[in-house]
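What follows is a single structure, written as structure tokens, with notes after it.
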Amino acid sequence: MKREQDKKPDFLNDINAGILDELTKSGKVKNAVGLAGELTELEEVSNICGLPFTGYLGKIETPRPSGIIDEVVIAIEKSVAVMQGGITFEAAAKPGSRLLLSGKMQTLKDFESGRVLVFVLADYVAVSPKAMLQNDIALMGELAYTPRHRETPRGKRITDIFVKVQNVLTAGTCFIPCICWQETADEVANWQQGDKVILLGRYQSREYQKEISAIFADGKKVERETETRTAYEVSVQLIKREGQA
């Protein structure tokens, strides 16, 4: 009789579990982002979604291990964007330059458009040509809503959750959209609103088609108008439930 082989060790999962435990023990880290990527856009702004904000709003690109490029929205207050070697941050941070950034995941709703901006609020930023590409997020919070489980047309199982964290700009709370995959999605689908969670993941962007109008005939949809939009969320690599609601 052929002896059953031992299950192959999941070294990446073990490493992620160790990182998560170290970051979040004793509540040390509740919202931390580490990023390094290529700057594609940078604009000086006086508000974000109608909220007064003196600084910059921009985007950087960082690749996944698969090679797919994720677009990350970043917000940098002027007090954080310091002079670098006698050159202003705005002059140094040109499209194509590599930014090294740490901060917190945040969301703000634009009440004019109804859309929610998902972004990283920087607490440190530098132009660093030799910085290794990075896209890491650690969150500790509670589930704002009941998890929503679904399956893609290609058969991948997904659970969407929103993690409630502190809103740094308003002193209130904000909800970070996160997406879980496959076996993790199956487990999280059984959790409840209010459960305490800690997770590791990466900032992810993806395009989708949003239906903006439709024409019906005899009760059936015969024509639809769509537009391409980009969704921003945290793709979960490891998640633990620390307490039930």
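We label chains A, B, ... in the order they appear in the structure tokens, count residues from 1 in each chain, and number ligands from 1 in the order shown.
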Segment 126-197 of chain A near segment 96-113 of chain A within 6 Å: what's each residue's closest atom pair and its distance in Å to one decimal, counting only C-alpha atoms, ordered by chain then ascending residue number, as CSV?
```
residue,atom,partner,partner_atom,distance
A:Ala126,CA,A:Leu100,CA,5.3
A:Val127,CA,A:Leu99,CA,4.7
A:Ser128,CA,A:Arg98,CA,5.6
A:Pro129,CA,A:Arg98,CA,5.2
A:Cys174,CA,A:Thr107,CA,5.8
```
Would you tabulate, counting only C-alpha atoms, all residues of segment 105-198 of chain A that have an atom at most 9 Å from an atom of segment 225-239 of chain A, showing the closest pair of atoms and their distance in Å to one decimal, sorted by chain then ascending number, as CSV?
```
residue,atom,partner,partner_atom,distance
A:Leu117,CA,A:Tyr232,CA,8.3
A:Val118,CA,A:Tyr232,CA,6.1
A:Phe119,CA,A:Tyr232,CA,8.2
A:Ile137,CA,A:Val234,CA,7.9
A:Ile176,CA,A:Glu233,CA,7.2
A:Pro177,CA,A:Glu233,CA,5.1
A:Cys178,CA,A:Val234,CA,4.4
A:Ile179,CA,A:Ser235,CA,5.1
A:Cys180,CA,A:Val236,CA,5.3
A:Trp181,CA,A:Val236,CA,7.5
A:Thr184,CA,A:Ile239,CA,7.9
A:Val188,CA,A:Ile239,CA,8.6
A:Val197,CA,A:Ile239,CA,6.9
A:Ile198,CA,A:Ile239,CA,5.8
```
For this session: Write out as a PyMOL selection string all residues of segment 17-222 of chain A that backbone DSSP assigns to strand (DSSP E or B).
Result: chain A and resi 31-48+51-63+69-77+84+87+98-109+116-127+134-143+148-151+157-166+173-181+196-217+220-222
For this session: List the neighbours of Thr62 of chain A out to 9 Å using only C-alpha atoms; skip same-chain residues closer than 2 positions along the sequence, and give me the result as a PyMOL selection string.
Result: chain A and resi 35-38+60+64+68-72+133-135
For this session: Please provide the set of residues having any atom within 10 Å of Ala81 of chain A, restricted to only C-alpha atoms, with same-chain residues fewer than 4 positions apart removed, written as a ChimeraX atom specification.
Result: /A:55-56,76-77,88-90,93,122-126
Save the residues we just selected, N, CA and C atoms, as a CSV table (one decimal), in the first residue's frame?
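As written to disk, again_10.csv reads:
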```
chain,number,residue,atom,x,y,z
A,55,GLY,N,-2.2,69.7,0.4
A,55,GLY,CA,-1.2,68.7,0.1
A,55,GLY,C,-1.3,68.2,-1.4
A,56,TYR,N,-1.1,66.9,-1.5
A,56,TYR,CA,-1.0,66.3,-2.9
A,56,TYR,C,-1.9,65.1,-2.9
A,76,ILE,N,-0.9,63.0,0.3
A,76,ILE,CA,0.3,63.4,1.1
A,76,ILE,C,0.1,64.9,1.6
A,77,GLU,N,0.0,65.1,2.9
A,77,GLU,CA,-0.1,66.4,3.4
A,77,GLU,C,1.2,67.2,3.2
A,88,THR,N,12.4,70.9,-3.6
A,88,THR,CA,11.1,70.7,-3.0
A,88,THR,C,10.5,69.3,-3.4
A,89,PHE,N,9.6,68.7,-2.6
A,89,PHE,CA,9.1,67.4,-3.0
A,89,PHE,C,8.4,67.4,-4.3
A,90,GLU,N,7.7,68.5,-4.6
A,90,GLU,CA,6.9,68.6,-5.9
A,90,GLU,C,7.9,68.5,-7.1
A,93,ALA,N,9.5,64.8,-7.1
A,93,ALA,CA,8.6,63.7,-7.4
A,93,ALA,C,7.9,63.8,-8.8
A,122,ALA,N,-0.4,59.3,3.7
A,122,ALA,CA,1.0,59.1,4.0
A,122,ALA,C,1.4,59.7,5.3
A,123,ASP,N,2.2,59.1,6.1
A,123,ASP,CA,2.8,59.7,7.3
A,123,ASP,C,4.3,59.8,7.1
A,124,TYR,N,4.8,59.2,5.9
A,124,TYR,CA,6.2,59.4,5.5
A,124,TYR,C,6.3,59.2,4.0
A,125,VAL,N,7.1,60.0,3.3
A,125,VAL,CA,7.2,59.8,1.9
A,125,VAL,C,8.6,60.3,1.5
A,126,ALA,N,9.2,59.6,0.5
A,126,ALA,CA,10.5,60.0,0.0
A,126,ALA,C,10.6,59.5,-1.5
```
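Here atom CA of Glu183 of chain A stands at a distance of 10.0 Å from atom CA of Thr159 of chain A.
Coordinates place atom CA of Gln209 of chain A at a distance of 22.8 Å from atom CA of Ser66 of chain A.
Distance-wise, atom CA of Leu121 of chain A and atom CA of Thr146 of chain A end up 26.6 Å apart.
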Exercise. Using only C-alpha atoms, which of the listed residues (A:Leu200, A:Met132, A:Cys49, A:Ile87) sits closest to Gly114 of chain A?
Worked result: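 Nearest candidate to Gly114 of chain A out of A:Leu200, A:Met132, A:Cys49, A:Ile87: A:Cys49.
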Exercise. Taking the backbone alone, and naming residues the way the document does, which bits of segment 130-198 of chain A are alpha helix (DSSP H) by DSSP, as a list in words?
Worked result: Gln182, Glu183, Thr184, Ala185, Asp186, Glu187 and Val188 of chain A
Problem set entry | Using only C-alpha atoms: which of A:Tyr208, A:Gln244, A:Phe216, A:Gln166 has the shortest distance to Gln193 of chain A |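 Using only C-alpha atoms, the shortest distance to Gln193 of chain A belongs to A:Gln244.
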For this session: Write out as a PyMOL selection string each polymer residue whose atoms come within 10 Å of Leu143 of chain A, counting only C-alpha atoms; drop sequence neighbours fewer than 6 positions from it.
Result: chain A and resi 161-165+175-176+191-197+241+244-245
